[in-house]
Structure formats: structure tokens, C-alpha cells
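Shown next: work.pdb, containing PDB, C-alpha atoms, pLDDT in the B column.
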```
MODEL        1
ATOM      1  CA  MET A   1       8.874  13.260  -9.617  1.00 95.00           C
ATOM      2  CA  SER A   2       9.780  10.010  -7.867  1.00 96.00           C
ATOM      3  CA  ARG A   3      11.571  10.312  -4.545  1.00 95.00           C
ATOM      4  CA  THR A   4      12.627   6.826  -3.565  1.00 91.00           C
ATOM      5  CA  ASP A   5      14.390   8.235  -0.485  1.00 94.00           C
ATOM      6  CA  VAL A   6      10.920   8.881   1.030  1.00 92.00           C
ATOM      7  CA  GLY A   7       9.127   5.995  -0.671  1.00 89.00           C
ATOM      8  CA  THR A   8       7.443   7.927  -3.487  1.00 93.00           C
ATOM      9  CA  THR A   9       7.258   6.322  -6.923  1.00 93.00           C
ATOM     10  CA  VAL A  10       5.747   7.821 -10.070  1.00 95.00           C
ATOM     11  CA  THR A  11       5.392   5.236 -12.820  1.00 93.00           C
ATOM     12  CA  PRO A  12       3.815   5.691 -16.261  1.00 94.00           C
ATOM     13  CA  THR A  13       1.758   2.567 -16.842  1.00 92.00           C
ATOM     14  CA  ILE A  14      -0.727   2.428 -19.722  1.00 94.00           C
ATOM     15  CA  VAL A  15       0.463   4.286 -22.850  1.00 94.00           C
ATOM     16  CA  GLN A  16      -1.662   4.645 -25.991  1.00 96.00           C
ATOM     17  CA  ALA A  17      -1.053   6.509 -29.264  1.00 95.00           C
ATOM     18  CA  GLY A  18      -1.809   6.201 -32.950  1.00 94.00           C
ATOM     19  CA  SER A  19      -3.913   3.928 -35.076  1.00 92.00           C
ATOM     20  CA  ALA A  20      -1.428   2.623 -37.655  1.00 93.00           C
ATOM     21  CA  ALA A  21       2.292   1.822 -37.772  1.00 92.00           C
ATOM     22  CA  ASN A  22       2.981   4.178 -40.702  1.00 94.00           C
ATOM     23  CA  THR A  23       1.117   7.253 -39.385  1.00 93.00           C
ATOM     24  CA  VAL A  24       2.228   9.948 -36.957  1.00 92.00           C
ATOM     25  CA  PRO A  25      -0.272   9.841 -34.093  1.00 93.00           C
ATOM     26  CA  GLY A  26      -2.532  12.856 -33.749  1.00 90.00           C
ATOM     27  CA  SER A  27      -2.865  12.265 -30.036  1.00 93.00           C
ATOM     28  CA  GLY A  28      -1.724  10.025 -27.253  1.00 94.00           C
ATOM     29  CA  SER A  29      -2.445   9.321 -23.642  1.00 94.00           C
ATOM     30  CA  PHE A  30      -0.865   7.672 -20.661  1.00 93.00           C
ATOM     31  CA  ALA A  31      -1.783   6.759 -17.104  1.00 94.00           C
ATOM     32  CA  VAL A  32       0.492   7.227 -14.132  1.00 94.00           C
ATOM     33  CA  ASP A  33       0.598   5.157 -10.945  1.00 92.00           C
ATOM     34  CA  VAL A  34       1.747   7.202  -7.954  1.00 93.00           C
ATOM     35  CA  ARG A  35       2.618   5.609  -4.626  1.00 91.00           C
ATOM     36  CA  ALA A  36       3.323   7.904  -1.665  1.00 91.00           C
ATOM     37  CA  ARG A  37       3.634   7.221   2.044  1.00 90.00           C
ATOM     38  CA  THR A  38       2.447  10.643   3.228  1.00 90.00           C
ATOM     39  CA  VAL A  39      -0.260  13.127   2.285  1.00 90.00           C
ATOM     40  CA  THR A  40       2.446  15.790   1.870  1.00 93.00           C
ATOM     41  CA  GLU A  41       4.230  13.693  -0.760  1.00 94.00           C
ATOM     42  CA  GLN A  42       0.975  12.827  -2.500  1.00 94.00           C
ATOM     43  CA  GLN A  43       0.114  16.530  -2.721  1.00 95.00           C
ATOM     44  CA  ARG A  44       3.609  17.409  -3.975  1.00 97.00           C
ATOM     45  CA  VAL A  45       3.332  14.955  -6.854  1.00 96.00           C
ATOM     46  CA  ASP A  46      -0.224  16.053  -7.698  1.00 96.00           C
ATOM     47  CA  ARG A  47       0.875  19.711  -7.845  1.00 97.00           C
ATOM     48  CA  ALA A  48       3.838  18.748 -10.059  1.00 97.00           C
ATOM     49  CA  MET A  49       1.572  16.752 -12.402  1.00 96.00           C
ATOM     50  CA  GLN A  50      -0.971  19.574 -12.605  1.00 96.00           C
ATOM     51  CA  SER A  51       1.790  22.069 -13.454  1.00 96.00           C
ATOM     52  CA  LEU A  52       3.034  20.121 -16.504  1.00 95.00           C
ATOM     53  CA  ARG A  53       2.937  22.098 -19.758  1.00 95.00           C
ATOM     54  CA  PRO A  54       3.526  20.938 -23.350  1.00 94.00           C
ATOM     55  CA  ALA A  55       6.996  21.518 -24.820  1.00 94.00           C
ATOM     56  CA  LEU A  56       5.666  22.427 -28.300  1.00 93.00           C
ATOM     57  CA  PRO A  57       3.711  25.676 -28.739  1.00 94.00           C
ATOM     58  CA  TRP A  58       0.963  24.057 -30.856  1.00 93.00           C
ATOM     59  CA  ALA A  59       0.471  21.055 -28.567  1.00 92.00           C
ATOM     60  CA  THR A  60      -2.126  20.744 -25.838  1.00 93.00           C
ATOM     61  CA  LEU A  61      -1.998  18.778 -22.647  1.00 94.00           C
ATOM     62  CA  ASP A  62      -5.067  17.684 -20.721  1.00 94.00           C
ATOM     63  CA  ILE A  63      -4.465  16.364 -17.220  1.00 94.00           C
ATOM     64  CA  ASP A  64      -7.318  14.401 -15.680  1.00 93.00           C
ATOM     65  CA  GLY A  65      -7.601  12.623 -12.387  1.00 90.00           C
ATOM     66  CA  GLY A  66      -5.540  12.975  -9.277  1.00 91.00           C
ATOM     67  CA  PRO A  67      -5.223  11.113  -6.006  1.00 91.00           C
ATOM     68  CA  ASN A  68      -7.977   8.524  -5.634  1.00 88.00           C
ATOM     69  CA  ARG A  69      -7.214   7.453  -2.070  1.00 88.00           C
ATOM     70  CA  PRO A  70      -5.150   8.808   0.805  1.00 89.00           C
ATOM     71  CA  PRO A  71      -1.826   7.164   1.616  1.00 88.00           C
ATOM     72  CA  MET A  72      -1.709   4.947   4.688  1.00 87.00           C
ATOM     73  CA  GLU A  73       0.709   6.876   6.852  1.00 86.00           C
ATOM     74  CA  ALA A  74       2.801   4.885   9.340  1.00 86.00           C
ATOM     75  CA  SER A  75       1.196   6.711  12.266  1.00 88.00           C
ATOM     76  CA  SER A  76      -2.174   5.100  11.454  1.00 89.00           C
ATOM     77  CA  SER A  77      -0.854   1.639  12.294  1.00 90.00           C
ATOM     78  CA  ALA A  78       1.839   2.343  14.919  1.00 92.00           C
ATOM     79  CA  GLY A  79      -0.341   1.652  17.979  1.00 93.00           C
ATOM     80  CA  LEU A  80      -1.922  -1.500  16.549  1.00 94.00           C
ATOM     81  CA  TYR A  81       1.445  -2.762  15.342  1.00 94.00           C
ATOM     82  CA  ALA A  82       2.958  -2.329  18.811  1.00 95.00           C
ATOM     83  CA  ARG A  83      -0.049  -4.148  20.265  1.00 95.00           C
ATOM     84  CA  ILE A  84       0.192  -7.151  17.922  1.00 95.00           C
ATOM     85  CA  CYS A  85       3.971  -7.388  18.521  1.00 95.00           C
ATOM     86  CA  ALA A  86       3.411  -7.455  22.292  1.00 96.00           C
ATOM     87  CA  LEU A  87       0.726 -10.099  21.801  1.00 96.00           C
ATOM     88  CA  ALA A  88       3.035 -12.217  19.630  1.00 95.00           C
ATOM     89  CA  ALA A  89       5.698 -12.038  22.350  1.00 96.00           C
ATOM     90  CA  ARG A  90       3.171 -13.138  25.004  1.00 95.00           C
ATOM     91  CA  LEU A  91       2.177 -16.058  22.783  1.00 94.00           C
ATOM     92  CA  ASP A  92       5.840 -16.957  22.160  1.00 95.00           C
ATOM     93  CA  MET A  93       5.396 -16.321  18.459  1.00 94.00           C
ATOM     94  CA  PRO A  94       7.656 -14.425  16.059  1.00 92.00           C
ATOM     95  CA  GLU A  95       6.983 -10.704  15.745  1.00 91.00           C
ATOM     96  CA  PRO A  96       5.163  -9.865  12.506  1.00 91.00           C
ATOM     97  CA  ARG A  97       7.296  -7.932  10.041  1.00 87.00           C
ATOM     98  CA  SER A  98       6.502  -4.265   9.533  1.00 83.00           C
ATOM     99  CA  VAL A  99       6.541  -3.370   5.861  1.00 75.00           C
ATOM    100  CA  ALA A 100       5.550  -0.200   4.035  1.00 71.00           C
ATOM    101  CA  VAL A 101       4.760  -1.018   0.428  1.00 67.00           C
ATOM    102  CA  GLY A 102       2.916   2.073  -0.769  1.00 65.00           C
ATOM    103  CA  GLY A 103       0.079  -0.040  -2.054  1.00 67.00           C
ATOM    104  CA  ALA A 104      -3.570   0.777  -2.216  1.00 75.00           C
ATOM    105  CA  SER A 105      -6.027  -1.120  -0.059  1.00 81.00           C
ATOM    106  CA  ASP A 106      -9.362  -0.386   1.569  1.00 85.00           C
ATOM    107  CA  GLY A 107      -7.298   0.334   4.672  1.00 87.00           C
ATOM    108  CA  ASN A 108      -6.120   3.550   3.017  1.00 88.00           C
ATOM    109  CA  PHE A 109      -9.650   4.915   3.374  1.00 89.00           C
ATOM    110  CA  THR A 110     -10.049   4.016   7.060  1.00 90.00           C
ATOM    111  CA  ALA A 111      -6.582   5.333   7.900  1.00 89.00           C
ATOM    112  CA  GLY A 112      -7.309   8.476   5.886  1.00 88.00           C
ATOM    113  CA  VAL A 113     -10.238   9.386   8.149  1.00 91.00           C
ATOM    114  CA  GLY A 114      -8.199   8.801  11.308  1.00 90.00           C
ATOM    115  CA  THR A 115      -9.215   5.245  12.195  1.00 92.00           C
ATOM    116  CA  PRO A 116      -6.256   3.195  13.475  1.00 92.00           C
ATOM    117  CA  THR A 117      -5.611   0.670  10.706  1.00 91.00           C
ATOM    118  CA  LEU A 118      -3.274  -2.300  10.483  1.00 90.00           C
ATOM    119  CA  ASP A 119      -3.060  -3.880   7.039  1.00 88.00           C
ATOM    120  CA  GLY A 120      -1.350  -7.000   5.772  1.00 85.00           C
ATOM    121  CA  LEU A 121      -2.381  -9.557   8.376  1.00 87.00           C
ATOM    122  CA  GLY A 122      -3.335 -12.117   5.760  1.00 87.00           C
ATOM    123  CA  ALA A 123      -1.248 -14.944   4.422  1.00 89.00           C
ATOM    124  CA  ILE A 124       2.554 -14.752   4.438  1.00 89.00           C
ATOM    125  CA  GLY A 125       4.059 -14.958   0.972  1.00 91.00           C
ATOM    126  CA  GLY A 126       5.524 -12.766  -1.711  1.00 88.00           C
ATOM    127  CA  GLY A 127       5.463 -11.576  -5.296  1.00 88.00           C
ATOM    128  CA  ALA A 128       2.231  -9.589  -4.936  1.00 80.00           C
ATOM    129  CA  HIS A 129       0.424  -9.180  -8.272  1.00 81.00           C
ATOM    130  CA  ALA A 130       3.285 -10.806 -10.195  1.00 89.00           C
ATOM    131  CA  ASP A 131       3.889 -14.119 -11.934  1.00 93.00           C
ATOM    132  CA  ASP A 132       5.695 -15.433  -8.842  1.00 94.00           C
ATOM    133  CA  GLU A 133       2.965 -14.457  -6.345  1.00 93.00           C
ATOM    134  CA  HIS A 134       2.724 -17.146  -3.671  1.00 96.00           C
ATOM    135  CA  VAL A 135       1.558 -18.080  -0.176  1.00 95.00           C
ATOM    136  CA  VAL A 136       3.740 -20.042   2.245  1.00 95.00           C
ATOM    137  CA  ILE A 137       1.315 -22.771   3.270  1.00 96.00           C
ATOM    138  CA  ASP A 138       3.305 -23.819   6.350  1.00 95.00           C
ATOM    139  CA  GLU A 139       2.825 -20.285   7.767  1.00 93.00           C
ATOM    140  CA  LEU A 140      -0.997 -20.324   7.568  1.00 95.00           C
ATOM    141  CA  PRO A 141      -1.733 -22.003  10.945  1.00 95.00           C
ATOM    142  CA  GLY A 142       0.560 -19.657  12.885  1.00 94.00           C
ATOM    143  CA  ARG A 143      -0.745 -16.552  11.124  1.00 93.00           C
ATOM    144  CA  THR A 144      -4.332 -17.680  11.718  1.00 95.00           C
ATOM    145  CA  HIS A 145      -3.599 -18.242  15.403  1.00 95.00           C
ATOM    146  CA  LEU A 146      -2.022 -14.787  15.762  1.00 95.00           C
ATOM    147  CA  LEU A 147      -4.849 -13.072  13.900  1.00 94.00           C
ATOM    148  CA  THR A 148      -7.499 -14.866  15.976  1.00 95.00           C
ATOM    149  CA  ALA A 149      -5.717 -13.928  19.202  1.00 95.00           C
ATOM    150  CA  PHE A 150      -5.355 -10.323  17.999  1.00 95.00           C
ATOM    151  CA  VAL A 151      -9.059  -9.967  17.236  1.00 95.00           C
ATOM    152  CA  ARG A 152      -9.883 -11.549  20.614  1.00 94.00           C
ATOM    153  CA  ASP A 153      -7.475  -9.109  22.307  1.00 93.00           C
ATOM    154  CA  LEU A 154      -9.005  -6.115  20.499  1.00 93.00           C
ATOM    155  CA  VAL A 155     -12.542  -6.996  21.588  1.00 93.00           C
ATOM    156  CA  GLY A 156     -11.431  -7.593  25.165  1.00 88.00           C
ATOM    157  CA  GLY A 157     -11.177 -11.368  25.263  1.00 66.00           C
ATOM    158  CA  GLU A 158      -8.271 -13.389  26.562  1.00 62.00           C
ATOM    159  CA  ALA A 159      -5.477 -14.242  24.139  1.00 58.00           C
ATOM    160  CA  ARG A 160      -4.630 -17.901  24.672  1.00 59.00           C
ATOM    161  CA  SER A 161      -1.126 -19.245  24.305  1.00 57.00           C
ATOM    162  CA  ASP A 162      -2.099 -22.755  23.168  1.00 54.00           C
ATOM    163  CA  HIS A 163       0.244 -23.650  20.336  1.00 51.00           C
ATOM    164  CA  ALA A 164      -2.051 -25.782  18.233  1.00 49.00           C
ATOM    165  CA  HIS A 165      -0.448 -24.002  15.301  1.00 46.00           C
ATOM    166  CA  ALA A 166       3.058 -25.290  16.047  1.00 45.00           C
TER     167      ALA A 166
ENDMDL
END
```

I'd like the structure from this file rewritten - as C-alpha cells, please.
Amino acid sequence: MSRTDVGTTVTPTIVQAGSAANTVPGSGSFAVDVRARTVTEQQRVDRAMQSLRPALPWATLDIDGGPNRPPMEASSSAGLYARICALAARLDMPEPRSVAVGGASDGNFTAGVGTPTLDGLGAIGGGAHADDEHVVIDELPGRTHLLTAFVRDLVGGEARSDHAHA
């Protein structure tokens, strides 16, 4: 069901079965993490999951759940991203990277109801949710300056080009 060419991943995560090493399990269960960049892809995977049938005639298959948040489509952040890039240029700062990670944040909910949403303006780093997760400390002043200027710009204030962060 994964389609990496469009950014869709379908990953079984938690798997449980059996109660003893020397006994054939009477039942089992697993959870699936689905990441999709568009509502169309999310719906495609949900339909495919709901259409699964057991391979053995005596087996049963119960499928629970489904999408628990809308994907954050690129169109929800395009205008705000262009605005923060223009602001960074005016402040003689590097343009923030645009990354689509297929994650799940509160921003998915605001974007899902049509509110322009730009996510990922926190600390610069890497290894999200992994053993090597980290923040690049030297980047914090510059990111804070850009974020402060962006909020000021959004509420109609003047974005200052003082480089106290440099």
C-alpha cells in the first residue's frame, strides 16, 4: 500500500500474538502507521485497509480505526512559506528549508479545516524521535530572530533587520 513516489508510507508497528512460546496463537493483532501527504492518498490507503480479507476460510479479520487526522497538504503552507522566505531575504538571513515529512502535528488539524498553517519553525536539528535526536544550539538565536520577525510581520508590525543573532 505504500507509495513512496508520492510520499505515502504504510508501516506495521505494534504486533502482538500468543501467550506462550510453545503454543500456536489463537489470535493476533497489529497496528499500522500511515503517513500521507494528501487527503486522496489517505483515503486510498484507508479503502485498501478496509477491503482486506483473511486468506483462510475459517479466519476472521476485524479492522478498527482509520485516519485520525488529516494530512497537512503543501497548499496549506505555500503562502506562509513564501512570506517567511521573503522576510528572511529582507533580513539577510538564510531561507528556511521546506521539508515535507508526513508527520502528525496539531498543525494537521488547522490545515485540515482550511487555515493557512506553517509547521516546523522550532529549533533546527535532526533525528526526530530517534536515539540521535538533537538541536543545533548555534542555530537557536537566528531561528528565534526569524520567528520573532515573522510573528511581528503577521500581526502587522515592522520586521527589524538588527542582527543581534549573528

### Query
Which of these, A:Ala82, A:Val34, A:Val99, A:Leu91, has the shortest distance to Pro67 (chain A) once you count only C-alpha atoms?
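Checking each of A:Ala82, A:Val34, A:Val99, A:Leu91 against Pro67 (chain A), counting only C-alpha atoms, the winner is A:Val34.
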
The residue from A:Val113, A:Ala21, A:Ala74, A:Ile63 with the smallest atom-to-atom distance to Asp46 (chain A), counting only C-alpha atoms, is A:Ile63

Requested in this report: Starting from the shown file, work through the PyMOL selection byres ((chain A and resi 76) around 8) and note down what comes out as an NGL selection string.
Outcome: :A and (72-75 or 77-79 or 111 or 114-118)

Any chance you could export the current selection's C-alpha atoms as a short mmCIF file (atom, residue, chain, number, x, y, z; two decimals), in the frame of the given file?
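part_14.cif, written as the output of this step:
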```
data_model
loop_
_atom_site.label_atom_id
_atom_site.label_comp_id
_atom_site.auth_asym_id
_atom_site.auth_seq_id
_atom_site.Cartn_x
_atom_site.Cartn_y
_atom_site.Cartn_z
CA MET A 72 -1.71 4.95 4.69
CA GLU A 73 0.71 6.88 6.85
CA ALA A 74 2.80 4.88 9.34
CA SER A 75 1.20 6.71 12.27
CA SER A 77 -0.85 1.64 12.29
CA ALA A 78 1.84 2.34 14.92
CA GLY A 79 -0.34 1.65 17.98
CA ALA A 111 -6.58 5.33 7.90
CA GLY A 114 -8.20 8.80 11.31
CA THR A 115 -9.22 5.24 12.20
CA PRO A 116 -6.26 3.20 13.48
CA THR A 117 -5.61 0.67 10.71
CA LEU A 118 -3.27 -2.30 10.48
#
```

Mind listing as a ChimeraX atom specification all residues within 9 Å of (4.1, 8.0, -10.7), counting only C-alpha atoms? /A:1-2,8-13,31-35,45

Within 7 Å of Asn108 (chain A) using only C-alpha atoms, minus same-chain residues under 5 positions, as JSON, numbers by chain: {"A": [69, 70, 71, 72]}

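CA of Gly18 (chain A) to CA of Asn68 (chain A) spans 28.1 Å [interatomic distance, one decimal].
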
Nearby residues, (3.9, -21.5, 7.2) file frame, 10 Å, all atoms listed in the file, as a CSV table (one decimal) with C-alpha atoms, keeping the file's coordinate frame:
```csv
chain,number,residue,atom,x,y,z
A,123,ALA,CA,-1.2,-14.9,4.4
A,124,ILE,CA,2.6,-14.8,4.4
A,125,GLY,CA,4.1,-15.0,1.0
A,135,VAL,CA,1.6,-18.1,-0.2
A,136,VAL,CA,3.7,-20.0,2.2
A,137,ILE,CA,1.3,-22.8,3.3
A,138,ASP,CA,3.3,-23.8,6.4
A,139,GLU,CA,2.8,-20.3,7.8
A,140,LEU,CA,-1.0,-20.3,7.6
A,141,PRO,CA,-1.7,-22.0,10.9
A,142,GLY,CA,0.6,-19.7,12.9
A,143,ARG,CA,-0.7,-16.6,11.1
A,165,HIS,CA,-0.4,-24.0,15.3
A,166,ALA,CA,3.1,-25.3,16.0
```

Margin query: Report as a PyMOL selection string all protein, DNA and RNA residues lying within 10 Å of Val6 (chain A), evaluated on all atoms listed in the file, omitting residues in the same chain fewer than 4 positions from it.
Written below: chain A and resi 2+36-38+41

- Just how far from CA of Ala88 (chain A) is CA of Leu154 (chain A), in Å to one decimal?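 If I compute the distance from CA of Leu154 (chain A) to CA of Ala88 (chain A), I get 13.5 Å.
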
Exercise for the section: Enter the distance from CA of Pro25 (chain A) to CA of Thr60 (chain A), in Å, rounded to one decimal. Expected result: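 Taking CA of Pro25 (chain A) as the start and CA of Thr60 (chain A) as the end point, the length is 13.8 Å.
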
Selected by the PyMOL selection byres ((chain A and resi 64) around 10) in the shown coordinates: which residues, as a list in words?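 That expression, the PyMOL selection byres ((chain A and resi 64) around 10), corresponds here to Ala31, Met49, Gln50, Leu61, Asp62, Ile63, Gly65 and Gly66 of chain A.
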
Minimum-distance residue to Gly122 (chain A), chosen among A:Leu147, A:Gln43, A:Ala100, A:Asp106 (using all atoms listed in the file)
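Comparing A:Leu147, A:Gln43, A:Ala100, A:Asp106 against Gly122 (chain A), the winner is A:Leu147.
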